[in-house]
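Asker: Structure in structure tokens, see below.
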Number of protein chains: 2
Amino acid sequence: MSEPEPRKDTYHHGHLREELIRRGLEALEREGAETLSLRSLAEAAGVSKTAPYRHFKDKDLFLGALADEGYRRLHEALTASVEAGPKRRRAESPVAAMGRAYMAFAVSRPALYRLMNSPLMCRMPAEFIGWARKSLLLLAETLEASRADSAKGRGARRAGHPDLDATAAAWAYIHGLVLIRIDGLYPADLPEPDWDRLAGVVPELPGR
Amino acid sequence: MSEPEPRKDTYHHGHLREELIRRGLEALEREGAETLSLRSLAEAAGVSKTAPYRHFKDKDLFLGALADEGYRRLHEALTASVEAGPKRRRAESPVAAMGRAYMAFAVSRPALYRLMNSPLMCRMPAEFIGWARKSLLLLAETLEASRADSAKGRGARRAGHPDLDATAAAWAYIHGLVLIRIDGLYPADLPEPDWDRLAGVVPELPGR
DNA sequence: GAACCATGTTGACACCGCCAACACGCCTCA
DNA sequence: TGAGGCGTGTTGGCGGTGTCAACATGGTTC
């Protein structure tokens, strides 16, 4: 057998870190980030209450690891959406496809999305934000390509120098839209917005 | 003396509910909503650890009361911004003024703003969302007036029937912008966006 | 075989939300 | 006038939490 065999002894778990992250992601959607406890995860993994501290310095860094996994999956979903774009039957702009993919991700894992964008994250070590940054730059490039495309022949800006203010604006729009939806902020007694349509009409910022 | 006199005895506090809310709002900005505890607030008010439960059924309802006060102040700030609009020297559209006032409010009380827009709030009793709803409708009216104004003479829509999808889109934009800023989500090593400018360029949704 | 080290365990501490039972003091009404 | 009701405060306790110090286990390395 060539695959790495789990340890033979019962004293050492063997894959505790991975199991905690897997169970953490599950628990996140089941009960939310507020009530998620390392102790209960440890117990569920059949391990003592302080065992997780051998793998994560504190709870915040554990949440950071969960968010990191979320960033990775989000980036995966976003790149898939732009690559699959040309194959779509209905012609859909890459920006719109990306907006919809972004919302689909957040709706499928609301608690994880919230965690990924919580104020906690700006206090995380740098290795936890690599995928987040990549996703933002992917959005910037997609916006830039869209702008260059629509302004073809009439003095389009140079590519390679994305307008970061416009990127921030587009991100803000889709981020806010997603949060209003998954946090249930829109008044329940008003007719519900057409979330999917709105996710596709990411606004273009008027230039400076 | 005609004003309501505080109780003479020391056993009963007299204005505990108000003092808890006041101290709660202070503590919110000092330490964030996560670590805010009813016990510590009670101790700071010179009262036993369970006294707050005479005024708030549980912690969530206390946070709801804090958020309610926040909604009231936000609505106050927004109405002030549209009323003060015409008096401004620099001609600024009411929508832009409102966007900037919205961001100024959130930046001045980030933790309160987060609380007001947390998923907790959609589980609150109806009396806690009156001001929130009023603020949203104020935004809808301001947007509608702006659209009617800019489309004057060329088939403007009837007033009184605000486009709620457009309202949701504008709200999403400014909400997301504010959160990205106060949560520190924008990568620190990229040039910081011009938040105030962005808060003033609330996008118009392309019609259905 | 001894020393090392990663990864488990146990026990404890301080803190938290919350509950039941009780204490105080004002207000009302017989 | 005095007895009861009631709003509001207190005490003590329960179960849960993050986290720390000290110790145990077992594979790896000289």
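We label chains A, B, ... in the order they appear in the structure tokens, count residues from 1 in each chain, and number ligands from 1 in the order shown.
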Excluding Glu26 of chain A and any residue of its chain fewer than 6 positions from it, enumerate the residues within 12 Å of it, using only C-alpha atoms (C1' of nucleotides), and give them as number ranges by chain.
Answerer: A: 19-20, 32-33, 36, 41, 44, 66, 109-112
Asker: Selected residues, N, CA and C atoms, written as a PDB file, in the first residue's frame, please.
Answerer:
ATOM      1  N   GLU A  19      -9.226  16.774  10.013  1.00  0.00           N
ATOM      2  CA  GLU A  19     -10.567  16.435  10.473  1.00  0.00           C
ATOM      3  C   GLU A  19     -11.229  17.631  11.156  1.00  0.00           C
ATOM      4  N   LEU A  20     -10.451  18.399  11.903  1.00  0.00           N
ATOM      5  CA  LEU A  20     -11.024  19.578  12.567  1.00  0.00           C
ATOM      6  C   LEU A  20     -11.508  20.583  11.539  1.00  0.00           C
ATOM      7  N   GLY A  32     -23.553  28.225  12.616  1.00  0.00           N
ATOM      8  CA  GLY A  32     -23.015  29.576  12.600  1.00  0.00           C
ATOM      9  C   GLY A  32     -21.690  29.693  13.319  1.00  0.00           C
ATOM     10  N   ALA A  33     -20.981  30.789  13.060  1.00  0.00           N
ATOM     11  CA  ALA A  33     -19.630  30.960  13.591  1.00  0.00           C
ATOM     12  C   ALA A  33     -19.632  31.350  15.063  1.00  0.00           C
ATOM     13  N   LEU A  36     -19.875  28.165  17.311  1.00  0.00           N
ATOM     14  CA  LEU A  36     -18.920  27.092  17.027  1.00  0.00           C
ATOM     15  C   LEU A  36     -17.855  27.064  18.115  1.00  0.00           C
ATOM     16  N   LEU A  41     -15.927  20.499  18.743  1.00  0.00           N
ATOM     17  CA  LEU A  41     -15.313  19.868  17.573  1.00  0.00           C
ATOM     18  C   LEU A  41     -14.345  18.773  18.007  1.00  0.00           C
ATOM     19  N   ALA A  44     -16.285  15.795  19.113  1.00  0.00           N
ATOM     20  CA  ALA A  44     -16.846  15.088  17.968  1.00  0.00           C
ATOM     21  C   ALA A  44     -15.779  14.275  17.238  1.00  0.00           C
ATOM     22  N   LEU A  66     -10.116  28.023   8.453  1.00  0.00           N
ATOM     23  CA  LEU A  66     -11.385  27.746   7.771  1.00  0.00           C
ATOM     24  C   LEU A  66     -11.602  28.762   6.653  1.00  0.00           C
ATOM     25  N   ARG A 109     -22.785  28.750   1.058  1.00  0.00           N
ATOM     26  CA  ARG A 109     -22.072  28.636   2.331  1.00  0.00           C
ATOM     27  C   ARG A 109     -22.068  29.976   3.049  1.00  0.00           C
ATOM     28  N   PRO A 110     -23.220  30.423   3.490  1.00  0.00           N
ATOM     29  CA  PRO A 110     -23.331  31.778   4.051  1.00  0.00           C
ATOM     30  C   PRO A 110     -22.434  32.023   5.260  1.00  0.00           C
ATOM     31  N   ALA A 111     -22.395  31.077   6.187  1.00  0.00           N
ATOM     32  CA  ALA A 111     -21.601  31.319   7.399  1.00  0.00           C
ATOM     33  C   ALA A 111     -20.115  31.394   7.058  1.00  0.00           C
ATOM     34  N   LEU A 112     -19.681  30.551   6.130  1.00  0.00           N
ATOM     35  CA  LEU A 112     -18.279  30.598   5.710  1.00  0.00           C
ATOM     36  C   LEU A 112     -17.986  31.928   5.026  1.00  0.00           C
TER      37      LEU A 112
END
Asker: With a cut-off of 9 Å, could you pull out the residues of chain B touching chain D and give me the nearest pair of atoms for each, distance in Å to one decimal, using only C-alpha atoms (C1' of nucleotides), ordered by chain and ascending number, as CSV?
Answerer:
residue,atom,partner,partner_atom,distance
B:Tyr11,CA,D:DG9,C1',6.3
B:His12,CA,D:DG9,C1',5.8
B:His13,CA,D:DG9,C1',7.9
B:Gly14,CA,D:DT8,C1',8.8
B:Val47,CA,D:DG9,C1',8.1
B:Ser48,CA,D:DT10,C1',6.8
B:Thr50,CA,D:DT10,C1',8.4
B:Ala51,CA,D:DG9,C1',6.2
B:Arg54,CA,D:DT8,C1',6.8
Asker: Taking a cut-off of 10 Å and counting only C-alpha atoms, can you build a table that, for each residue of chain A near chain B, reports the nearest atom pair and how far apart they are in Å (one decimal), sorted by chain then residue number, as a tab-separated table?
Answerer:
residue	atom	partner	partner_atom	distance
A:Glu34	CA	B:Glu34	CA	8.4
A:Ala111	CA	B:Pro119	CA	9.9
A:Arg114	CA	B:Pro119	CA	9.7
A:Met116	CA	B:Leu185	CA	9.5
A:Asn117	CA	B:Leu185	CA	6.8
A:Ser118	CA	B:Asp183	CA	6.5
A:Pro119	CA	B:Asp183	CA	4.4
A:Leu120	CA	B:Asp183	CA	8.0
A:Met121	CA	B:Leu185	CA	7.4
A:Cys122	CA	B:Gly184	CA	5.7
A:Arg123	CA	B:Gly184	CA	8.9
A:Ile129	CA	B:Pro187	CA	8.6
A:Ala132	CA	B:Pro187	CA	8.9
A:Arg133	CA	B:Pro187	CA	7.0
A:Leu136	CA	B:Tyr186	CA	9.0
A:Asp163	CA	B:Pro193	CA	10.0
A:Leu164	CA	B:Pro193	CA	7.1
A:Asp165	CA	B:Pro193	CA	5.4
A:Ala166	CA	B:Leu198	CA	8.8
A:Thr167	CA	B:Pro193	CA	9.3
A:Ala168	CA	B:Pro193	CA	7.0
A:Ala169	CA	B:Leu198	CA	6.9
A:Ala170	CA	B:Tyr173	CA	8.0
A:Trp171	CA	B:Gly176	CA	7.7
A:Ala172	CA	B:Gly176	CA	4.2
A:Tyr173	CA	B:Tyr173	CA	3.9
A:Ile174	CA	B:Ala172	CA	7.3
A:His175	CA	B:Gly176	CA	5.3
A:Gly176	CA	B:Gly176	CA	3.8
A:Leu177	CA	B:Ala172	CA	4.6
A:Val178	CA	B:Ala172	CA	8.1
A:Leu179	CA	B:Gly176	CA	8.0
A:Ile180	CA	B:Ala172	CA	6.9
A:Arg181	CA	B:Ala172	CA	9.5
A:Ile182	CA	B:Pro119	CA	7.9
A:Asp183	CA	B:Pro119	CA	4.4
A:Gly184	CA	B:Cys122	CA	5.8
A:Leu185	CA	B:Cys122	CA	6.2
A:Tyr186	CA	B:Ala168	CA	8.1
A:Pro187	CA	B:Arg133	CA	7.0
A:Ala188	CA	B:Cys122	CA	8.7
A:Leu190	CA	B:Leu164	CA	8.7
A:Pro191	CA	B:Leu164	CA	8.1
A:Glu192	CA	B:Asp165	CA	8.4
A:Pro193	CA	B:Asp165	CA	5.4
A:Asp194	CA	B:Asp165	CA	7.0
A:Trp195	CA	B:Asp165	CA	8.7
A:Arg197	CA	B:Arg208	CA	9.0
A:Leu198	CA	B:Ala169	CA	6.9
A:Ala199	CA	B:Ala169	CA	9.1
A:Val201	CA	B:Leu205	CA	7.6
A:Val202	CA	B:Leu205	CA	8.8
A:Pro203	CA	B:Pro203	CA	6.3
A:Glu204	CA	B:Pro203	CA	7.8
A:Leu205	CA	B:Pro203	CA	7.3
A:Pro206	CA	B:Val201	CA	7.6
A:Arg208	CA	B:Arg197	CA	9.0
Asker: If we count only C-alpha atoms (C1' of nucleotides), which residues of chain B reach to within 12 Å of chain C? Please list them as a PyMOL selection string.
Answerer: chain B and resi 7-13+34-40+49-53+56-60
Asker: With N, CA and C atoms retained, export the selected residues as an mmCIF file, in the first residue's frame.
Answerer:
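Output file selection.cif is given in full below:
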data_model
loop_
_atom_site.group_PDB
_atom_site.id
_atom_site.type_symbol
_atom_site.label_atom_id
_atom_site.label_comp_id
_atom_site.auth_asym_id
_atom_site.auth_seq_id
_atom_site.Cartn_x
_atom_site.Cartn_y
_atom_site.Cartn_z
ATOM 1 N N ARG B 7 -34.491 57.454 42.365
ATOM 2 C CA ARG B 7 -34.908 56.819 43.618
ATOM 3 C C ARG B 7 -33.954 57.192 44.755
ATOM 4 N N LYS B 8 -34.490 57.208 45.954
ATOM 5 C CA LYS B 8 -33.662 57.578 47.101
ATOM 6 C C LYS B 8 -32.822 56.399 47.601
ATOM 7 N N ASP B 9 -33.330 55.186 47.404
ATOM 8 C CA ASP B 9 -32.626 54.037 47.960
ATOM 9 C C ASP B 9 -31.448 53.644 47.087
ATOM 10 N N THR B 10 -30.528 52.943 47.675
ATOM 11 C CA THR B 10 -29.376 52.489 46.898
ATOM 12 C C THR B 10 -29.611 51.086 46.363
ATOM 13 N N TYR B 11 -30.575 50.408 46.920
ATOM 14 C CA TYR B 11 -30.839 49.031 46.478
ATOM 15 C C TYR B 11 -31.280 49.028 45.023
ATOM 16 N N HIS B 12 -32.164 49.942 44.672
ATOM 17 C CA HIS B 12 -32.623 50.009 43.285
ATOM 18 C C HIS B 12 -31.895 51.110 42.537
ATOM 19 N N HIS B 13 -31.444 50.762 41.383
ATOM 20 C CA HIS B 13 -30.605 51.664 40.594
ATOM 21 C C HIS B 13 -31.401 52.844 40.068
ATOM 22 N N GLU B 34 -18.216 41.052 19.812
ATOM 23 C CA GLU B 34 -17.923 39.669 20.183
ATOM 24 C C GLU B 34 -17.662 39.537 21.669
ATOM 25 N N THR B 35 -16.820 40.408 22.194
ATOM 26 C CA THR B 35 -16.359 40.264 23.565
ATOM 27 C C THR B 35 -17.184 41.077 24.555
ATOM 28 N N LEU B 36 -18.190 41.758 24.061
ATOM 29 C CA LEU B 36 -19.043 42.517 24.972
ATOM 30 C C LEU B 36 -19.844 41.559 25.842
ATOM 31 N N SER B 37 -19.795 41.772 27.157
ATOM 32 C CA SER B 37 -20.531 40.876 28.043
ATOM 33 C C SER B 37 -21.471 41.664 28.953
ATOM 34 N N LEU B 38 -22.644 41.103 29.132
ATOM 35 C CA LEU B 38 -23.615 41.724 30.031
ATOM 36 C C LEU B 38 -23.070 41.791 31.452
ATOM 37 N N ARG B 39 -22.339 40.777 31.851
ATOM 38 C CA ARG B 39 -21.790 40.761 33.207
ATOM 39 C C ARG B 39 -20.887 41.957 33.461
ATOM 40 N N SER B 40 -19.972 42.206 32.522
ATOM 41 C CA SER B 40 -19.029 43.305 32.744
ATOM 42 C C SER B 40 -19.755 44.648 32.715
ATOM 43 N N LYS B 49 -24.567 40.825 38.638
ATOM 44 C CA LYS B 49 -24.399 40.274 37.293
ATOM 45 C C LYS B 49 -25.701 39.935 36.592
ATOM 46 N N THR B 50 -26.752 39.671 37.365
ATOM 47 C CA THR B 50 -28.006 39.273 36.720
ATOM 48 C C THR B 50 -29.041 40.388 36.654
ATOM 49 N N ALA B 51 -28.701 41.525 37.195
ATOM 50 C CA ALA B 51 -29.656 42.647 37.168
ATOM 51 C C ALA B 51 -30.106 42.990 35.742
ATOM 52 N N PRO B 52 -29.220 42.956 34.741
ATOM 53 C CA PRO B 52 -29.663 43.288 33.375
ATOM 54 C C PRO B 52 -30.826 42.440 32.896
ATOM 55 N N TYR B 53 -30.951 41.227 33.422
ATOM 56 C CA TYR B 53 -32.000 40.334 32.925
ATOM 57 C C TYR B 53 -33.387 40.779 33.368
ATOM 58 N N PHE B 56 -33.776 42.998 30.022
ATOM 59 C CA PHE B 56 -33.619 42.354 28.709
ATOM 60 C C PHE B 56 -33.710 40.851 28.893
ATOM 61 N N LYS B 57 -34.567 40.238 28.125
ATOM 62 C CA LYS B 57 -34.801 38.801 28.315
ATOM 63 C C LYS B 57 -33.524 37.993 28.128
ATOM 64 N N ASP B 58 -32.754 38.335 27.126
ATOM 65 C CA ASP B 58 -31.459 37.676 26.960
ATOM 66 C C ASP B 58 -30.495 38.635 26.253
ATOM 67 N N LYS B 59 -29.286 38.171 26.034
ATOM 68 C CA LYS B 59 -28.254 39.047 25.494
ATOM 69 C C LYS B 59 -28.618 39.536 24.089
ATOM 70 N N ASP B 60 -29.190 38.653 23.294
ATOM 71 C CA ASP B 60 -29.552 39.034 21.928
ATOM 72 C C ASP B 60 -30.521 40.208 21.919
#
